[in-house]
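This is target28.cif. It holds mmCIF, C-alpha atoms.
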```
data_entry
loop_
_atom_site.label_atom_id
_atom_site.label_comp_id
_atom_site.auth_asym_id
_atom_site.auth_seq_id
_atom_site.Cartn_x
_atom_site.Cartn_y
_atom_site.Cartn_z
CA MET E 19 226.28 50.81 -64.23
CA MET E 20 223.43 51.12 -66.69
CA GLN E 21 220.17 49.19 -66.74
CA ILE E 22 218.49 48.24 -70.00
CA PHE E 23 214.78 47.42 -69.68
CA SER E 24 213.19 45.51 -72.54
CA LEU E 25 209.95 43.79 -73.38
CA PHE E 26 209.54 40.48 -75.26
CA GLU E 27 206.77 38.20 -76.41
CA HIS E 28 206.91 34.48 -75.64
CA SER E 29 208.81 32.89 -78.53
CA PRO E 30 212.21 31.29 -79.15
CA SER E 31 213.53 34.82 -79.85
CA VAL E 32 213.73 35.76 -76.17
CA GLU E 33 215.89 32.71 -75.47
CA LEU E 34 218.01 33.49 -78.54
CA ALA E 35 218.55 36.99 -77.16
CA LEU E 36 219.46 35.73 -73.69
CA SER E 37 221.87 33.08 -74.97
CA LYS E 38 223.49 35.64 -77.28
CA LEU E 39 223.94 38.03 -74.35
CA GLU E 40 225.60 35.29 -72.32
CA GLN E 41 227.80 34.37 -75.28
CA GLU E 42 228.92 38.01 -75.41
CA GLY E 43 229.92 37.82 -71.76
CA VAL E 44 226.93 39.11 -69.81
CA THR E 45 226.56 36.73 -66.87
CA LYS E 46 223.28 35.47 -65.42
CA GLU E 47 223.99 37.56 -62.34
CA HIS E 48 223.37 40.68 -64.45
CA ILE E 49 220.19 39.56 -66.17
CA LEU E 50 216.75 39.62 -64.61
CA VAL E 51 213.84 38.08 -66.48
CA VAL E 52 210.31 38.62 -65.22
CA PRO E 53 207.54 36.83 -67.12
CA VAL E 54 204.33 38.75 -66.51
CA ASP E 55 201.29 36.61 -65.85
CA GLU E 56 198.01 37.12 -67.61
CA THR E 57 195.42 38.46 -65.22
CA TYR E 58 192.92 36.36 -67.12
CA GLU E 59 194.46 33.09 -65.99
CA ASN E 60 193.88 33.78 -62.31
CA MET E 61 190.30 34.75 -62.93
CA LYS E 62 189.63 31.51 -64.75
CA VAL E 63 189.92 29.53 -61.54
CA PHE E 64 186.93 31.41 -60.18
CA ASN E 65 184.95 30.72 -63.31
CA SER E 66 183.06 27.48 -63.57
CA LEU E 67 184.92 24.45 -64.84
CA HIS E 68 182.50 24.42 -67.74
CA ASP E 69 184.10 27.49 -69.23
CA ALA E 70 185.89 26.92 -72.51
CA ASP E 71 189.23 28.55 -72.28
CA GLY E 72 190.46 30.67 -75.13
CA VAL E 73 189.34 28.30 -77.87
CA SER E 74 185.76 29.49 -77.67
CA PHE E 75 186.21 31.71 -80.70
CA VAL E 76 185.64 28.87 -83.16
CA ASP E 77 184.10 26.13 -81.02
CA LYS E 78 180.47 27.12 -81.55
CA ALA E 79 181.18 28.09 -85.17
CA LEU E 80 182.63 24.71 -86.11
CA ALA E 81 180.04 22.77 -84.12
CA LEU E 82 177.22 24.59 -85.94
CA ALA E 83 179.03 24.30 -89.28
CA THR E 84 179.10 20.52 -88.85
CA ALA E 85 175.44 20.31 -87.81
CA PHE E 86 174.28 22.54 -90.68
CA GLY E 87 176.64 20.72 -93.05
CA VAL E 88 174.97 17.37 -92.38
CA VAL E 89 171.51 18.83 -93.02
CA GLY E 90 172.69 20.72 -96.11
CA THR E 91 174.36 17.62 -97.55
CA SER E 92 171.22 15.56 -96.99
CA ILE E 93 168.81 18.04 -98.52
CA GLY E 94 171.28 18.80 -101.29
CA PHE E 95 170.63 15.36 -102.79
CA LYS E 96 167.26 16.67 -103.95
CA LEU E 97 168.32 20.19 -104.94
CA GLU E 98 169.76 21.20 -108.26
CA TRP E 99 173.26 22.10 -107.02
CA GLY E 100 173.76 18.76 -105.25
CA PRO E 101 174.99 17.71 -101.81
CA ILE E 102 178.52 19.16 -101.83
CA ILE E 103 177.66 22.74 -102.72
CA TRP E 104 174.60 22.82 -100.47
CA GLY E 105 176.57 21.12 -97.73
CA LEU E 106 179.26 23.79 -97.97
CA ILE E 107 176.73 26.63 -98.13
CA ALA E 108 174.93 25.27 -95.07
CA ALA E 109 178.21 24.72 -93.22
CA PHE E 110 179.28 28.27 -94.00
CA ILE E 111 175.95 29.63 -92.73
CA GLY E 112 176.37 27.52 -89.57
CA PHE E 113 179.90 28.84 -89.12
CA LEU E 114 178.70 32.44 -89.45
CA CYS E 115 175.88 31.81 -86.96
CA GLY E 116 178.44 30.47 -84.48
CA LEU E 117 180.69 33.49 -84.96
CA VAL E 118 177.78 35.90 -84.52
CA TRP E 119 176.77 33.99 -81.38
CA ASN E 120 180.29 34.40 -80.00
CA LEU E 121 180.50 38.06 -80.95
CA CYS E 122 177.22 38.64 -79.11
CA ILE E 123 178.68 36.96 -76.02
CA ILE E 124 181.80 39.13 -76.23
CA LYS E 125 179.71 42.24 -76.74
CA PHE E 126 176.91 41.72 -74.24
CA THR E 127 178.23 39.66 -71.31
CA LYS E 128 180.75 40.31 -68.58
CA ASN E 129 182.54 37.06 -69.32
CA GLY E 130 183.19 38.01 -72.93
CA TYR E 131 184.29 41.52 -72.02
CA ARG E 132 187.09 40.07 -69.95
CA LYS E 133 188.30 37.91 -72.81
CA GLU E 134 188.25 40.84 -75.18
CA LYS E 135 190.54 42.89 -72.96
CA ARG E 136 193.01 40.04 -72.69
CA VAL E 137 196.61 40.85 -73.63
CA LEU E 138 199.24 38.31 -74.55
CA PRO E 139 201.59 37.47 -71.68
CA LEU E 140 204.84 39.39 -71.95
CA ILE E 141 208.38 39.06 -70.61
CA ILE E 142 210.40 41.85 -69.02
CA VAL E 143 214.16 41.47 -69.52
CA ILE E 144 216.48 43.73 -67.55
CA VAL E 145 220.22 43.74 -68.26
CA GLU E 146 222.78 45.54 -66.13
CA CYS E 147 226.03 46.60 -67.81
CA GLU E 148 228.72 49.24 -68.08
CA ARG E 149 228.02 52.29 -70.19
CA GLU E 150 230.28 51.24 -73.09
CA TYR E 151 228.36 47.96 -73.68
CA VAL E 152 224.89 49.55 -73.90
CA LYS E 153 224.93 49.96 -77.71
CA GLY E 154 225.95 46.34 -78.29
CA ILE E 155 223.34 44.95 -75.92
CA GLU E 156 220.62 47.14 -77.41
CA SER E 157 221.41 45.84 -80.88
CA ILE E 158 221.23 42.22 -79.65
CA LEU E 159 217.80 42.95 -78.15
CA ARG E 160 216.66 44.66 -81.34
CA GLU E 161 217.87 41.85 -83.61
CA ASN E 162 215.97 39.31 -81.52
CA LYS E 163 212.57 40.90 -81.82
CA ALA E 164 212.32 42.86 -78.58
CA ILE E 165 209.05 44.78 -78.61
CA GLY E 166 210.92 47.75 -77.19
CA TYR E 167 213.72 48.75 -74.81
CA SER E 168 214.85 51.68 -72.73
CA THR E 169 218.12 52.42 -70.96
CA THR E 170 218.45 54.10 -67.59
CA GLY E 171 221.25 54.82 -65.19
CA MET R 21 217.35 12.09 -75.56
CA LYS R 22 215.37 14.38 -73.34
CA ASN R 23 216.03 17.59 -71.45
CA TYR R 24 214.52 16.23 -68.24
CA ASN R 25 214.42 12.73 -66.84
CA ASN R 26 211.13 12.20 -65.18
CA ASP R 27 211.60 10.78 -61.69
CA ASN R 28 207.85 10.31 -61.21
CA THR R 29 207.79 12.43 -58.08
CA ALA R 30 204.90 14.63 -59.14
CA ARG R 31 201.39 13.72 -58.20
CA ARG R 32 200.11 15.05 -61.50
CA TYR R 33 201.87 16.16 -64.68
CA LEU R 34 200.48 18.80 -67.01
CA ALA R 35 201.82 17.34 -70.23
CA HIS R 36 203.89 14.64 -71.89
CA VAL R 37 206.10 15.44 -74.88
CA SER R 38 206.90 12.27 -76.79
CA GLN R 39 208.11 11.20 -80.21
CA ILE R 40 204.60 10.88 -81.60
CA GLY R 41 203.08 13.98 -80.12
CA THR R 42 202.44 16.31 -77.24
CA THR R 43 199.73 15.10 -74.89
CA GLN R 44 198.43 17.60 -72.40
CA PHE R 45 195.83 18.38 -69.82
CA HIS R 46 193.97 21.60 -70.49
CA LEU R 47 190.57 23.06 -69.67
CA ARG R 48 187.83 22.10 -72.08
CA ASN R 49 184.16 22.85 -72.36
CA PRO R 50 182.30 19.59 -71.60
CA TYR R 51 179.36 20.59 -73.79
CA ILE R 52 181.63 21.05 -76.79
CA VAL R 53 183.32 17.69 -76.17
CA ALA R 54 179.90 16.06 -75.80
CA TRP R 55 178.82 17.70 -79.05
CA TRP R 56 181.71 16.12 -80.99
CA SER R 57 180.77 12.75 -79.51
CA MET R 58 177.28 13.40 -80.85
CA ALA R 59 178.56 14.35 -84.30
CA PHE R 60 180.63 11.18 -84.46
CA PRO R 61 181.10 8.70 -81.60
CA GLY R 62 184.77 8.67 -80.58
CA PHE R 63 185.59 12.25 -81.58
CA GLY R 64 184.99 13.55 -78.06
CA HIS R 65 187.45 11.01 -76.70
CA LEU R 66 190.00 11.83 -79.40
CA LEU R 67 189.80 15.48 -78.30
CA LEU R 68 190.54 14.35 -74.76
CA SER R 69 193.62 12.40 -76.02
CA LYS R 70 191.90 9.16 -75.01
CA TYR R 71 192.89 7.61 -78.30
CA LEU R 72 192.14 3.93 -77.71
CA ARG R 73 188.64 4.64 -76.43
CA GLY R 74 188.07 7.14 -79.22
CA MET R 75 189.22 4.81 -81.96
CA ALA R 76 187.20 1.91 -80.55
CA LEU R 77 184.04 4.04 -80.59
CA PHE R 78 184.86 5.34 -84.08
CA LEU R 79 185.23 1.81 -85.47
CA TRP R 80 182.04 0.79 -83.67
CA GLU R 81 180.19 3.69 -85.29
CA MET R 82 181.51 2.73 -88.74
CA VAL R 83 180.36 -0.89 -88.40
CA ILE R 84 176.92 -0.22 -86.91
CA ASN R 85 176.12 2.86 -88.96
CA LEU R 86 176.98 1.18 -92.27
CA ASN R 87 175.08 -2.00 -91.42
CA ALA R 88 172.00 -0.29 -90.01
CA HIS R 89 172.12 2.29 -92.88
CA ILE R 90 171.68 5.12 -90.42
CA ASN R 91 173.21 7.75 -92.70
CA VAL R 92 170.82 6.89 -95.54
CA GLY R 93 168.00 7.08 -93.02
CA ILE R 94 169.16 10.54 -91.98
CA VAL R 95 169.26 11.75 -95.60
CA TYR R 96 165.72 10.50 -96.30
CA SER R 97 164.43 11.94 -93.03
CA PHE R 98 165.77 15.41 -93.85
CA LEU R 99 164.27 15.08 -97.33
CA GLY R 100 160.89 14.32 -95.74
CA GLU R 101 160.71 10.85 -97.30
CA PHE R 102 159.94 9.04 -94.07
CA ASP R 103 158.66 5.87 -95.72
CA LYS R 104 161.94 5.41 -97.54
CA ALA R 105 163.80 6.08 -94.29
CA LYS R 106 161.83 3.38 -92.46
CA GLU R 107 162.40 0.99 -95.30
CA VAL R 108 166.15 1.44 -95.48
CA LEU R 109 166.94 1.17 -91.75
CA ASP R 110 167.93 -2.35 -90.70
CA THR R 111 166.25 -3.18 -87.38
CA ARG R 112 168.64 -6.08 -86.81
CA TRP R 113 171.47 -3.55 -86.33
CA LEU R 114 169.60 -0.38 -85.37
CA MET R 115 168.86 -1.30 -81.76
CA LEU R 116 172.56 -1.80 -81.10
CA TYR R 117 173.15 1.83 -81.92
CA LEU R 118 171.49 3.77 -79.13
CA PRO R 119 173.12 2.55 -75.89
CA THR R 120 176.69 2.89 -77.15
CA TYR R 121 175.97 6.17 -78.92
CA PHE R 122 174.71 7.73 -75.70
CA PHE R 123 177.47 6.12 -73.67
CA GLY R 124 180.01 7.89 -75.89
CA ILE R 125 178.35 11.26 -75.30
CA TRP R 126 177.91 10.78 -71.57
CA ASP R 127 181.38 9.33 -71.00
CA SER R 128 183.20 12.10 -72.85
CA TYR R 129 181.16 14.74 -70.98
CA ARG R 130 181.90 13.17 -67.60
CA THR R 131 185.60 12.67 -68.41
CA THR R 132 185.97 16.32 -69.44
CA ILE R 133 184.69 17.55 -66.08
CA ASP R 134 187.05 15.20 -64.24
CA MET R 135 189.99 16.12 -66.44
CA ASN R 136 189.32 19.84 -65.89
CA LYS R 137 189.75 19.29 -62.16
CA VAL R 138 192.98 17.36 -62.76
CA THR R 139 194.15 20.21 -65.02
CA LEU R 140 193.73 22.78 -62.25
CA LEU R 141 195.52 20.55 -59.75
CA ALA R 142 198.40 19.86 -62.15
CA LYS R 143 198.72 23.58 -62.90
CA ARG R 144 198.88 24.43 -59.22
CA GLU R 145 201.42 21.67 -58.59
CA ASN R 146 203.45 23.15 -61.49
CA HIS R 147 205.87 20.23 -61.71
CA ARG R 148 208.55 20.26 -64.37
CA ILE R 149 207.98 18.21 -67.52
CA ASN R 150 210.25 16.99 -70.26
CA SER R 151 209.77 19.39 -73.17
CA PHE R 152 212.21 18.10 -75.76
CA VAL R 153 212.64 14.72 -77.46
CA ILE R 154 215.20 13.78 -80.06
CA SER R 155 215.30 10.19 -81.27
CA PRO R 156 216.39 8.39 -84.45
CA LEU R 157 212.87 8.58 -85.90
CA GLU R 158 211.40 11.83 -84.72
CA ILE R 159 212.04 15.19 -83.09
CA ASN R 160 209.43 16.87 -80.94
CA TYR R 161 209.63 19.96 -78.78
CA LEU R 162 207.30 22.65 -77.49
CA ASP R 163 206.85 25.47 -79.96
CA ARG R 164 204.40 28.13 -81.04
CA ARG R 165 202.19 27.31 -84.01
CA LYS R 166 199.49 29.32 -85.77
CA PRO R 167 195.96 28.09 -84.90
CA PHE R 168 194.44 29.52 -88.06
CA THR R 169 197.06 27.86 -90.27
CA ALA R 170 196.38 24.52 -88.56
CA MET R 171 192.65 24.93 -89.18
CA VAL R 172 193.12 25.80 -92.86
CA TRP R 173 195.32 22.72 -93.44
CA SER R 174 192.67 20.50 -91.89
CA PHE R 175 190.07 22.15 -94.12
CA LEU R 176 192.13 21.35 -97.22
CA MET R 177 192.68 17.78 -96.04
CA PRO R 178 191.56 16.55 -92.61
CA GLY R 179 194.65 15.31 -90.77
CA MET R 180 197.11 17.80 -92.24
CA GLY R 181 196.52 20.33 -89.47
CA GLN R 182 197.26 17.55 -86.99
CA LEU R 183 200.51 16.72 -88.83
CA TYR R 184 201.48 20.41 -88.64
CA LEU R 185 200.98 20.21 -84.86
CA HIS R 186 202.91 16.93 -84.63
CA ARG R 187 199.86 14.96 -83.49
CA ILE R 188 200.85 11.79 -85.29
CA VAL R 189 198.14 9.52 -83.84
CA THR R 190 195.14 11.69 -84.74
CA ALA R 191 196.76 12.69 -88.04
CA SER R 192 197.31 9.15 -89.30
CA PHE R 193 193.94 7.95 -88.02
CA ILE R 194 192.06 10.71 -89.84
CA LEU R 195 194.20 10.53 -92.98
CA ILE R 196 193.66 6.76 -93.32
CA TRP R 197 189.90 7.10 -92.85
CA MET R 198 189.78 9.97 -95.33
CA ILE R 199 191.13 7.59 -97.99
CA VAL R 200 188.41 5.04 -97.21
CA ILE R 201 185.57 7.58 -97.03
CA THR R 202 186.70 9.57 -100.08
CA TYR R 203 186.86 6.35 -102.11
CA PHE R 204 183.48 4.92 -101.13
CA SER R 205 181.64 8.26 -101.22
CA HIS R 206 182.95 8.91 -104.78
CA LEU R 207 183.95 12.37 -103.53
CA ALA R 208 186.77 12.86 -106.03
CA GLU R 209 184.62 11.96 -109.05
CA GLY R 210 181.80 14.19 -107.84
CA MET R 211 184.18 17.11 -107.31
CA ASN R 212 185.43 16.57 -110.83
CA TYR R 213 181.87 16.89 -112.17
CA ILE R 214 181.27 19.97 -110.02
CA PHE R 215 184.38 21.69 -111.37
CA MET R 216 183.24 20.83 -114.91
CA GLY R 217 179.89 22.41 -114.10
CA GLU R 218 177.87 19.20 -114.36
CA LEU R 219 176.17 19.45 -110.98
CA GLY R 220 173.46 16.91 -111.75
CA GLN R 221 176.01 14.26 -112.66
CA ALA R 222 177.80 14.91 -109.36
CA THR R 223 174.65 14.29 -107.33
CA VAL R 224 174.10 11.00 -109.12
CA VAL R 225 177.64 9.76 -108.60
CA PHE R 226 177.85 10.49 -104.83
CA ASP R 227 177.12 7.72 -102.35
CA LYS R 228 174.71 9.09 -99.70
CA GLU R 229 175.78 6.69 -97.00
CA TRP R 230 179.48 7.55 -97.13
CA LEU R 231 179.21 11.22 -98.08
CA LEU R 232 177.32 12.00 -94.87
CA PHE R 233 180.37 11.05 -92.79
CA LEU R 234 182.34 13.94 -94.27
CA PRO R 235 180.84 17.05 -92.58
CA SER R 236 181.62 15.62 -89.13
CA ILE R 237 185.14 14.61 -90.11
CA TYR R 238 185.96 17.98 -91.66
CA GLY R 239 184.46 19.88 -88.73
CA PHE R 240 186.22 17.76 -86.15
CA ALA R 241 189.59 17.90 -87.89
CA MET R 242 189.39 21.69 -88.10
CA TYR R 243 188.29 22.12 -84.49
CA ASP R 244 190.89 19.65 -83.18
CA ALA R 245 193.66 21.41 -85.13
CA TYR R 246 192.63 24.90 -84.05
CA SER R 247 192.07 24.16 -80.36
CA ASN R 248 195.20 22.08 -79.99
CA ALA R 249 197.33 24.77 -81.62
CA VAL R 250 195.97 27.24 -79.05
CA GLU R 251 196.64 24.86 -76.17
CA ASN R 252 200.11 23.86 -77.42
CA ASN R 253 200.99 27.55 -77.51
CA LYS R 254 199.80 28.00 -73.94
CA LEU R 255 201.86 25.00 -72.86
CA TYR R 256 204.89 26.50 -74.61
CA ILE R 257 204.41 29.77 -72.74
CA TRP R 258 203.94 27.96 -69.43
CA ASP R 259 207.14 25.99 -69.95
CA GLN R 260 209.16 29.00 -71.11
CA ARG R 261 207.93 31.07 -68.17
CA ASN R 262 209.04 28.38 -65.70
CA TYR R 263 212.44 28.09 -67.36
CA LEU R 264 213.07 31.84 -67.42
CA LYS R 265 212.09 32.18 -63.78
CA SER R 266 214.43 29.40 -62.71
CA ALA R 267 217.37 30.54 -64.84
CA TYR R 268 217.30 34.34 -64.84
CA GLN R 269 216.23 35.55 -61.46
CA LYS R 270 219.59 35.62 -59.70
CA TYR R 271 220.08 39.33 -60.26
CA LYS R 272 218.56 41.42 -57.50
CA LEU R 273 217.30 44.55 -59.14
CA GLU R 274 217.86 47.90 -57.58
CA ILE R 275 216.05 50.70 -59.36
CA LYS R 276 218.52 53.52 -59.71
CA ARG R 277 217.76 57.21 -59.56
CA SER R 278 218.16 58.99 -62.81
CA ARG R 279 221.31 61.07 -63.26
CA LEU R 280 219.12 64.05 -64.04
CA THR R 281 217.56 64.20 -60.59
CA LYS R 282 220.83 63.95 -58.75
#
```
Represent the structure of the file as structure tokens.
Amino acid sequence: MMQIFSLFEHSPSVELALSKLEQEGVTKEHILVVPVDETYENMKVFNSLHDADGVSFVDKALALATAFGVVGTSIGFKLEWGPIIWGLIAAFIGFLCGLVWNLCIIKFTKNGYRKEKRVLPLIIVIVECEREYVKGIESILRENKAIGYSTTG
Amino acid sequence: MKNYNNDNTARRYLAHVSQIGTTQFHLRNPYIVAWWSMAFPGFGHLLLSKYLRGMALFLWEMVINLNAHINVGIVYSFLGEFDKAKEVLDTRWLMLYLPTYFFGIWDSYRTTIDMNKVTLLAKRENHRINSFVISPLEINYLDRRKPFTAMVWSFLMPGMGQLYLHRIVTASFILIWMIVITYFSHLAEGMNYIFMGELGQATVVFDKEWLLFLPSIYGFAMYDAYSNAVENNKLYIWDQRNYLKSAYQKYKLEIKRSRLTK
């Protein structure tokens, strides 16, 4: 018996691959799927409940864009280019300030460092089969966007 | 039709997938939610999926703000014309503004902290949810969407990012109000002048009162679209992970020695 180890991202493709394998006669008894947890998620529990989770990349940027946008629109009524253009310029400046703020957090704090090192959760799929089916199974995995695979046995 | 019939045995559920959208518990930053309530009363509650509260506060803001002329007051204040600002504000309506405005901020802040605790409990309980709905009028299922794409659609037209994410309630609410605000602020005419290069004409044609609603609406729509795309994706991964574990862990793996070492 051979064992084919493969790696997938979370998407409908992994389920397409698994259902195709079953259609081709590989039973569930010969497939092992191990979704690998993000280490980040466990750490989050220890963080304060006030922590934004994952969305923090644009939260400050859009909040500041809105605040600056209101001021820019107001003052723009008196300036030559008018409220829309000044509103947009101010919003853009606010957005950039927010991004810079976030980049500083990522760069200079422990909290941000952890987020930066975060990897997407992955799925390990292991299929057991006879030697003559290896090629067929490998091509099913390849066609369904496996990140990579390796056969042992 | 659903892929799971809820028997209401869980103490807390993480999400609800329905015809008109996916509603979910997820961790949020209470300061950010409070900020959106500050930008526009009701937006914080809409972010929390507390739609009725959010819409009630939004309508309240529209009525009081327009009658007290708060937006015009804000424009004059930023321009430094404080006398004009004092003149334009209507005291008969203005005093109604403060208590409810601060209630909106405080209530959305408080609710976020409570809902974060519920989120952790629901995650630990890890009870199965229905993740697929097919009905004569709509189809909804968990899926991965692109956060940046959602944000760009809401930048082009607030509400479109929400439609992309199948958030029908927020989408229709924002889209309807965009019609009203675009019309009364003369946005389309002003944009026309701007594209023709007549910037002065544009400034004249805009209505201060209504135009000042737009930065908050654009900002909110973009933030709501982006953050919900991120959270929908996480929910999709959570659901897929649970399914794969339950369906494909019958095989007991035995790591075999390589033929070469034999």
Any idea which chain R residues end up within 8 Å of chain E if we count all atoms listed in the file, as a PyMOL selection string please? chain R and resi 47-52+55-56+59+94-96+98-99+133+136-137+140+163-164+219-220+222-223+228+232+235-236+238-240+242-243+246-247+250+257+260-261+264-265+267-273+276-279
Distance cut-off 8 Å, centre (199.7, 22.4, -86.5) in file coordinates, counting only C-alpha atoms: which residues qualify? Return them as a PyMOL selection string. chain R and resi 165-167+169-171+180-186+245-246+248-249
Within 12 Å of file point (201.2, 7.8, -79.3), counting all atoms listed in the file, expressed as a PyMOL selection string: chain R and resi 36-43+66+69-72+186-193
Write out as a compact mmCIF listing (two decimals) with C-alpha atoms, in the frame of the given file which residues come within 12 Å of Trp230 in chain R when counting all atoms listed in the file, dropping same-chain ones fewer than 2 positions away.
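To be explicit, this is the file written out as around-v6.txt:
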```txt
# COMPACT_ATOMS: atom_id res chain seq x y z
CA VAL E 88 174.97 17.37 -92.38
CA THR E 91 174.36 17.62 -97.55
CA SER E 92 171.22 15.56 -96.99
CA MET R 82 181.51 2.73 -88.74
CA ASN R 85 176.12 2.86 -88.96
CA LEU R 86 176.98 1.18 -92.27
CA ASN R 87 175.08 -2.00 -91.42
CA HIS R 89 172.12 2.29 -92.88
CA ILE R 90 171.68 5.12 -90.42
CA ASN R 91 173.21 7.75 -92.70
CA VAL R 92 170.82 6.89 -95.54
CA ILE R 94 169.16 10.54 -91.98
CA VAL R 95 169.26 11.75 -95.60
CA TRP R 197 189.90 7.10 -92.85
CA MET R 198 189.78 9.97 -95.33
CA ILE R 199 191.13 7.59 -97.99
CA VAL R 200 188.41 5.04 -97.21
CA ILE R 201 185.57 7.58 -97.03
CA THR R 202 186.70 9.57 -100.08
CA TYR R 203 186.86 6.35 -102.11
CA PHE R 204 183.48 4.92 -101.13
CA SER R 205 181.64 8.26 -101.22
CA HIS R 206 182.95 8.91 -104.78
CA LEU R 207 183.95 12.37 -103.53
CA VAL R 225 177.64 9.76 -108.60
CA PHE R 226 177.85 10.49 -104.83
CA ASP R 227 177.12 7.72 -102.35
CA LYS R 228 174.71 9.09 -99.70
CA LEU R 232 177.32 12.00 -94.87
CA PHE R 233 180.37 11.05 -92.79
CA LEU R 234 182.34 13.94 -94.27
CA PRO R 235 180.84 17.05 -92.58
CA SER R 236 181.62 15.62 -89.13
CA ILE R 237 185.14 14.61 -90.11
```
Point-to-point distance from CA of Leu79 in chain R to CA of Asp134 in chain R, Å rounded to tenths: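 If I compute the distance from CA of Leu79 in chain R to CA of Asp134 in chain R, I get 25.2 Å.
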Using Å and a single decimal, report how far CA of Gly62 in chain R sits from CA of Leu34 in chain R.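 Answer for the CA of Leu34 in chain R to CA of Gly62 in chain R separation: 23.1 Å.
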Using Å and a single decimal, report how far CA of Trp80 in chain R sits from CA of Phe60 in chain R.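 Between these atoms lies a distance of 10.5 Å.
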Given the PyMOL selection byres ((chain R and resi 24) around 10), the residues it picks as a PDB file with C-alpha atoms, keeping the file's coordinate frame:
```pdb
ATOM      1  CA  MET R  21     217.350  12.090 -75.560  1.00  0.00           C
ATOM      2  CA  LYS R  22     215.370  14.380 -73.340  1.00  0.00           C
ATOM      3  CA  ASN R  23     216.030  17.590 -71.450  1.00  0.00           C
ATOM      4  CA  ASN R  25     214.420  12.730 -66.840  1.00  0.00           C
ATOM      5  CA  ASN R  26     211.130  12.200 -65.180  1.00  0.00           C
ATOM      6  CA  ASP R  27     211.600  10.780 -61.690  1.00  0.00           C
ATOM      7  CA  ARG R 148     208.550  20.260 -64.370  1.00  0.00           C
ATOM      8  CA  ILE R 149     207.980  18.210 -67.520  1.00  0.00           C
ATOM      9  CA  ASN R 150     210.250  16.990 -70.260  1.00  0.00           C
ATOM     10  CA  SER R 151     209.770  19.390 -73.170  1.00  0.00           C
ATOM     11  CA  PHE R 152     212.210  18.100 -75.760  1.00  0.00           C
ATOM     12  CA  VAL R 153     212.640  14.720 -77.460  1.00  0.00           C
TER      13      VAL R 153
END
```
Between E:Phe26, E:Ser168, E:Ile123, E:Cys115, which is the closest to Val152 in chain E once you count only C-alpha atoms?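 Of E:Phe26, E:Ser168, E:Ile123, E:Cys115, the one nearest Val152 in chain E, counting only C-alpha atoms, is E:Ser168.
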Which neighbours of Lys38 in chain E fall inside 12 Å, counting only C-alpha atoms, when residues of the same chain fewer than 6 positions from it are skipped, and could you give them as a list in words?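 Counting only C-alpha atoms, the residues come to Ser31, Val32, Val44, Thr45, Lys46, Gly154, Ile155, Glu156, Ser157, Ile158, Leu159, Glu161 and Asn162 of chain E.
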Can you pull out the residues contacting Met58 in chain R? Cut-off 9 Å, using only C-alpha atoms, and skip same-chain residues under 5 positions away; I want them as a PyMOL selection string. chain R and resi 53+63-64+121-122+124-125
